[in-house]
Amino acid sequence: MKLTIPKSDLARVLTNVGRVVEARNTIQILSAIKLTATDGRLTVTGTDLDIVATDAAAATVTASGAVCVDAKTLADIAKKASGDISLSEDKGRLTVKSGRSQFTLPTLPADDFPSLDGGKFDATFDIDLAALFAPVAFAISTEETRFYLNGIFMHVQDGNLRAVATDGHRLSRNIGPSVPEFTGVIVPRKTVSLLPKGMVTVSVSSQKIRIEAGDFVLVSKLIDGTFPDYQRVIPTGNDKKIVFGSDDMRQAAGRVSVVSSERGRAVKLSFAEGTAALTVNNPDQGSASDEIVVAYDGEPIDIGFNAAYLTELVGIFPAGDIQLALADSGSPAVFTSEKAPWLLAVLMPMRV
C-alpha cells in the first residue's frame, strides 16, 4: 500500500472513525483501524465489535492494499503533521511521512479485522435522525441491570417514526416523519452519540441499523431486549394546566438548586393563581426560594421534582412557553409545547 493524502482529509476521517474505537482494549486489533487504499481513495474503518464506522477520502494511490494500525497513534500524527501525508506499508511496517517528519508504525493483518457485514434490512428511509433523537437522548437510562432502557426505542406508529427513551424517572417521546413499517428496535446509547448531523439514509433490521451520510457509514448492533409499553406511563387525564416560560423555569430551578443536596436535589414547586414558588430546603446547606410568573387559575397545588431533571427536561423544548399538566402531587407530570407539538416529556415527582 502506498498513497498520499491531504492532512485535513486524513485527520477528518480518522476523527470520525476513531470515536468508535475504545481507548482501552484487551484485544489488540480493536485498538486499530483498518486502512484500505484503492481506486484513488483511502477508506478507514474502526470497530468495537458492536459498532463499525467507515469513512473515506480522496487520495493519490500508487499501490493498492490494506493494513491495520493503531488508531490513536495515527490520529495524533495526522493532527500534528505539517502538510500532506504519505503512507506506505512494507514488511509489516507502516511508514508515515509529512514534511521532514517520519514515523514507522507496527501493523496488523487486514484479514484479522472484524466485520459486521451480512444480513438484510427490513426498511430504508432518509431522515435527520440526530434531530429526531436529540430531545430524547437525555432520558436514556445508564442503569446496566435494565439494559433494554440503555438506548432509544425507535418504532413506527400511525405511519410516523417515533423515538422514545426513559430511565424510569423521566420519559421523552418525539414524533418524526412518515417512514416504511418495521419492527421496533432499541438503538444503543453509544450509537446515538455517534450519529452525524443532518439528513442520513437509515436502513434497519431486527438486529442491526445502518446510517449512511455520504462517505461516512455507521453500522451498529441493536439492543436485544423488549422496550416497555411506554404509553401506559403517559398520563392522559391530567387536568391542571400550567403555562410557564422555559427560560424563567430553567433559571429559577438552577438558582434554588445551588443549596440542594447532591443525593436528593429536590425542588418544591408551589403553584397558585398566576405564580409558581420554587423552594429548596437542605439541612446542611440552608434553604432557597424563588418565584416566577405562570398562567394558572386553579386550586393551589404543590409538587416536587429532581432539580437537575427539571432543568434538563425544560431545555429540550424550544424557547418560549411550556405547558405542564398535573393531576396531583404524587402523579407523573406531562410537559408539552405548542412550538414543538410532536414532542412530549413525562417527569416523575419527588417527595419534598
# chains A, B, ... in the order shown; residues from 1 in each chain; ligands from 1
>>> residues_around(residues="A:Val67", least_positions_apart="6", cutoff="6 Å", atoms="only C-alpha atoms", output="JSON, numbers by chain")
{"A": [34, 35, 109, 110]}
>>> residues_around(residues="A:Ala345", least_positions_apart="6", cutoff="6 Å", atoms="only C-alpha atoms", output="mmCIF file with N, CA and C atoms, in the first residue's frame")
data_model
loop_
_atom_site.group_PDB
_atom_site.id
_atom_site.type_symbol
_atom_site.label_atom_id
_atom_site.label_comp_id
_atom_site.auth_asym_id
_atom_site.auth_seq_id
_atom_site.Cartn_x
_atom_site.Cartn_y
_atom_site.Cartn_z
ATOM 1 N N LEU A 171 -39.303 10.509 30.979
ATOM 2 C CA LEU A 171 -39.567 9.904 29.678
ATOM 3 C C LEU A 171 -39.691 11.013 28.649
ATOM 4 N N SER A 172 -39.174 10.765 27.459
ATOM 5 C CA SER A 172 -39.306 11.727 26.373
ATOM 6 C C SER A 172 -39.683 10.992 25.103
ATOM 7 N N VAL A 334 -46.818 15.931 32.868
ATOM 8 C CA VAL A 334 -46.617 15.923 31.419
ATOM 9 C C VAL A 334 -46.243 17.323 30.944
ATOM 10 N N PHE A 335 -45.171 17.416 30.151
ATOM 11 C CA PHE A 335 -44.688 18.682 29.615
ATOM 12 C C PHE A 335 -44.867 18.683 28.097
#
>>> closest_residue(among="A:Ser246, A:Asn306, A:Gln157, A:Asn281", to="A:Gln323", atoms="only C-alpha atoms")
A:Ser246
>>> closest_residue(among="A:Arg250, A:Arg24, A:Arg100, A:Lys2", to="A:Val61", atoms="only C-alpha atoms")
A:Lys2
>>> atom_distance(atom1="atom CA of A:Val352", atom2="atom CA of A:Arg170")
17.6 Å
>>> select_by_dssp(residues="stretch 214-321 of chain A", states="alpha helix (DSSP H)", output="PyMOL selection string")
chain A and resi 246-256+307-314
>>> write_last_selection(atoms="N, CA, C and O atoms", output="mmCIF file, in the first residue's frame")
data_model
loop_
_atom_site.group_PDB
_atom_site.id
_atom_site.type_symbol
_atom_site.label_atom_id
_atom_site.label_comp_id
_atom_site.auth_asym_id
_atom_site.auth_seq_id
_atom_site.Cartn_x
_atom_site.Cartn_y
_atom_site.Cartn_z
ATOM 1 N N SER A 246 -40.001 28.890 29.436
ATOM 2 C CA SER A 246 -38.940 27.900 29.612
ATOM 3 C C SER A 246 -37.697 28.501 30.267
ATOM 4 O O SER A 246 -37.114 27.893 31.175
ATOM 5 N N ASP A 247 -37.299 29.697 29.852
ATOM 6 C CA ASP A 247 -36.122 30.336 30.445
ATOM 7 C C ASP A 247 -36.364 30.678 31.905
ATOM 8 O O ASP A 247 -35.477 30.506 32.754
ATOM 9 N N ASP A 248 -37.570 31.157 32.221
ATOM 10 C CA ASP A 248 -37.889 31.518 33.605
ATOM 11 C C ASP A 248 -37.756 30.308 34.523
ATOM 12 O O ASP A 248 -37.128 30.385 35.593
ATOM 13 N N MET A 249 -38.332 29.174 34.119
ATOM 14 C CA MET A 249 -38.301 27.982 34.962
ATOM 15 C C MET A 249 -36.900 27.413 35.065
ATOM 16 O O MET A 249 -36.443 27.046 36.159
ATOM 17 N N ARG A 250 -36.195 27.346 33.960
ATOM 18 C CA ARG A 250 -34.860 26.763 33.983
ATOM 19 C C ARG A 250 -33.910 27.575 34.846
ATOM 20 O O ARG A 250 -33.143 27.027 35.651
ATOM 21 N N GLN A 251 -33.979 28.886 34.726
ATOM 22 C CA GLN A 251 -33.073 29.726 35.506
ATOM 23 C C GLN A 251 -33.429 29.721 36.990
ATOM 24 O O GLN A 251 -32.541 29.674 37.848
ATOM 25 N N ALA A 252 -34.716 29.747 37.296
ATOM 26 C CA ALA A 252 -35.130 29.732 38.702
ATOM 27 C C ALA A 252 -34.758 28.409 39.355
ATOM 28 O O ALA A 252 -34.262 28.380 40.491
ATOM 29 N N ALA A 253 -34.979 27.305 38.650
ATOM 30 C CA ALA A 253 -34.617 25.998 39.190
ATOM 31 C C ALA A 253 -33.110 25.895 39.403
ATOM 32 O O ALA A 253 -32.641 25.326 40.398
ATOM 33 N N GLY A 254 -32.347 26.469 38.492
ATOM 34 C CA GLY A 254 -30.903 26.460 38.635
ATOM 35 C C GLY A 254 -30.434 27.271 39.832
ATOM 36 O O GLY A 254 -29.494 26.879 40.527
ATOM 37 N N ARG A 255 -31.121 28.396 40.085
ATOM 38 C CA ARG A 255 -30.724 29.240 41.220
ATOM 39 C C ARG A 255 -30.985 28.549 42.558
ATOM 40 O O ARG A 255 -30.108 28.491 43.417
ATOM 41 N N VAL A 256 -32.182 28.020 42.736
ATOM 42 C CA VAL A 256 -32.508 27.434 44.039
ATOM 43 C C VAL A 256 -31.777 26.119 44.273
ATOM 44 O O VAL A 256 -31.539 25.725 45.423
ATOM 45 N N ALA A 307 -34.294 18.641 40.753
ATOM 46 C CA ALA A 307 -33.982 19.930 40.130
ATOM 47 C C ALA A 307 -33.191 19.770 38.836
ATOM 48 O O ALA A 307 -33.439 20.462 37.844
ATOM 49 N N ALA A 308 -32.229 18.844 38.843
ATOM 50 C CA ALA A 308 -31.424 18.631 37.634
ATOM 51 C C ALA A 308 -32.274 18.074 36.505
ATOM 52 O O ALA A 308 -32.145 18.483 35.346
ATOM 53 N N TYR A 309 -33.154 17.131 36.836
ATOM 54 C CA TYR A 309 -34.031 16.557 35.818
ATOM 55 C C TYR A 309 -34.961 17.623 35.240
ATOM 56 O O TYR A 309 -35.195 17.676 34.032
ATOM 57 N N LEU A 310 -35.515 18.454 36.111
ATOM 58 C CA LEU A 310 -36.431 19.505 35.662
ATOM 59 C C LEU A 310 -35.725 20.477 34.719
ATOM 60 O O LEU A 310 -36.247 20.822 33.652
ATOM 61 N N THR A 311 -34.536 20.910 35.099
ATOM 62 C CA THR A 311 -33.781 21.854 34.280
ATOM 63 C C THR A 311 -33.448 21.264 32.910
ATOM 64 O O THR A 311 -33.606 21.917 31.868
ATOM 65 N N GLU A 312 -33.011 20.016 32.911
ATOM 66 C CA GLU A 312 -32.643 19.367 31.644
ATOM 67 C C GLU A 312 -33.870 19.136 30.770
ATOM 68 O O GLU A 312 -33.829 19.345 29.557
ATOM 69 N N LEU A 313 -34.964 18.727 31.376
ATOM 70 C CA LEU A 313 -36.189 18.463 30.616
ATOM 71 C C LEU A 313 -36.722 19.733 29.964
ATOM 72 O O LEU A 313 -37.085 19.731 28.783
ATOM 73 N N VAL A 314 -36.765 20.819 30.715
ATOM 74 C CA VAL A 314 -37.241 22.080 30.147
ATOM 75 C C VAL A 314 -36.379 22.501 28.962
ATOM 76 O O VAL A 314 -36.867 23.059 27.976
#
>>> select_by_dssp(residues="stretch 86-328 of chain A", states="strand (DSSP E or B)", output="ChimeraX atom specification")
/A:86-90,93-98,101-106,108,123-127,151-157,160-166,170-178,185-188,200-204,208-213,216-221,240-245,266-272,275-282,286-295,301-306,321-326
>>> closest_residue(among="A:Ile51, A:Ile211, A:Ala75, A:Ile303", to="A:Arg189", atoms="only C-alpha atoms")
A:Ile51
>>> closest_atom_pairs(of="stretch 209-240 of chain A", to="stretch 135-149 of chain A", cutoff="12 Å", atoms="only C-alpha atoms", output="JSON lines")
{"residue": "A:Leu222", "atom": "CA", "partner": "A:Tyr148", "partner_atom": "CA", "distance": 10.0}
{"residue": "A:Ile223", "atom": "CA", "partner": "A:Tyr148", "partner_atom": "CA", "distance": 6.5}
{"residue": "A:Asp224", "atom": "CA", "partner": "A:Tyr148", "partner_atom": "CA", "distance": 7.3}
{"residue": "A:Gly225", "atom": "CA", "partner": "A:Tyr148", "partner_atom": "CA", "distance": 5.2}
{"residue": "A:Thr226", "atom": "CA", "partner": "A:Tyr148", "partner_atom": "CA", "distance": 6.3}
{"residue": "A:Phe227", "atom": "CA", "partner": "A:Tyr148", "partner_atom": "CA", "distance": 5.9}
{"residue": "A:Pro228", "atom": "CA", "partner": "A:Tyr148", "partner_atom": "CA", "distance": 8.5}
{"residue": "A:Asp229", "atom": "CA", "partner": "A:Leu149", "partner_atom": "CA", "distance": 11.8}
{"residue": "A:Tyr230", "atom": "CA", "partner": "A:Leu149", "partner_atom": "CA", "distance": 11.0}
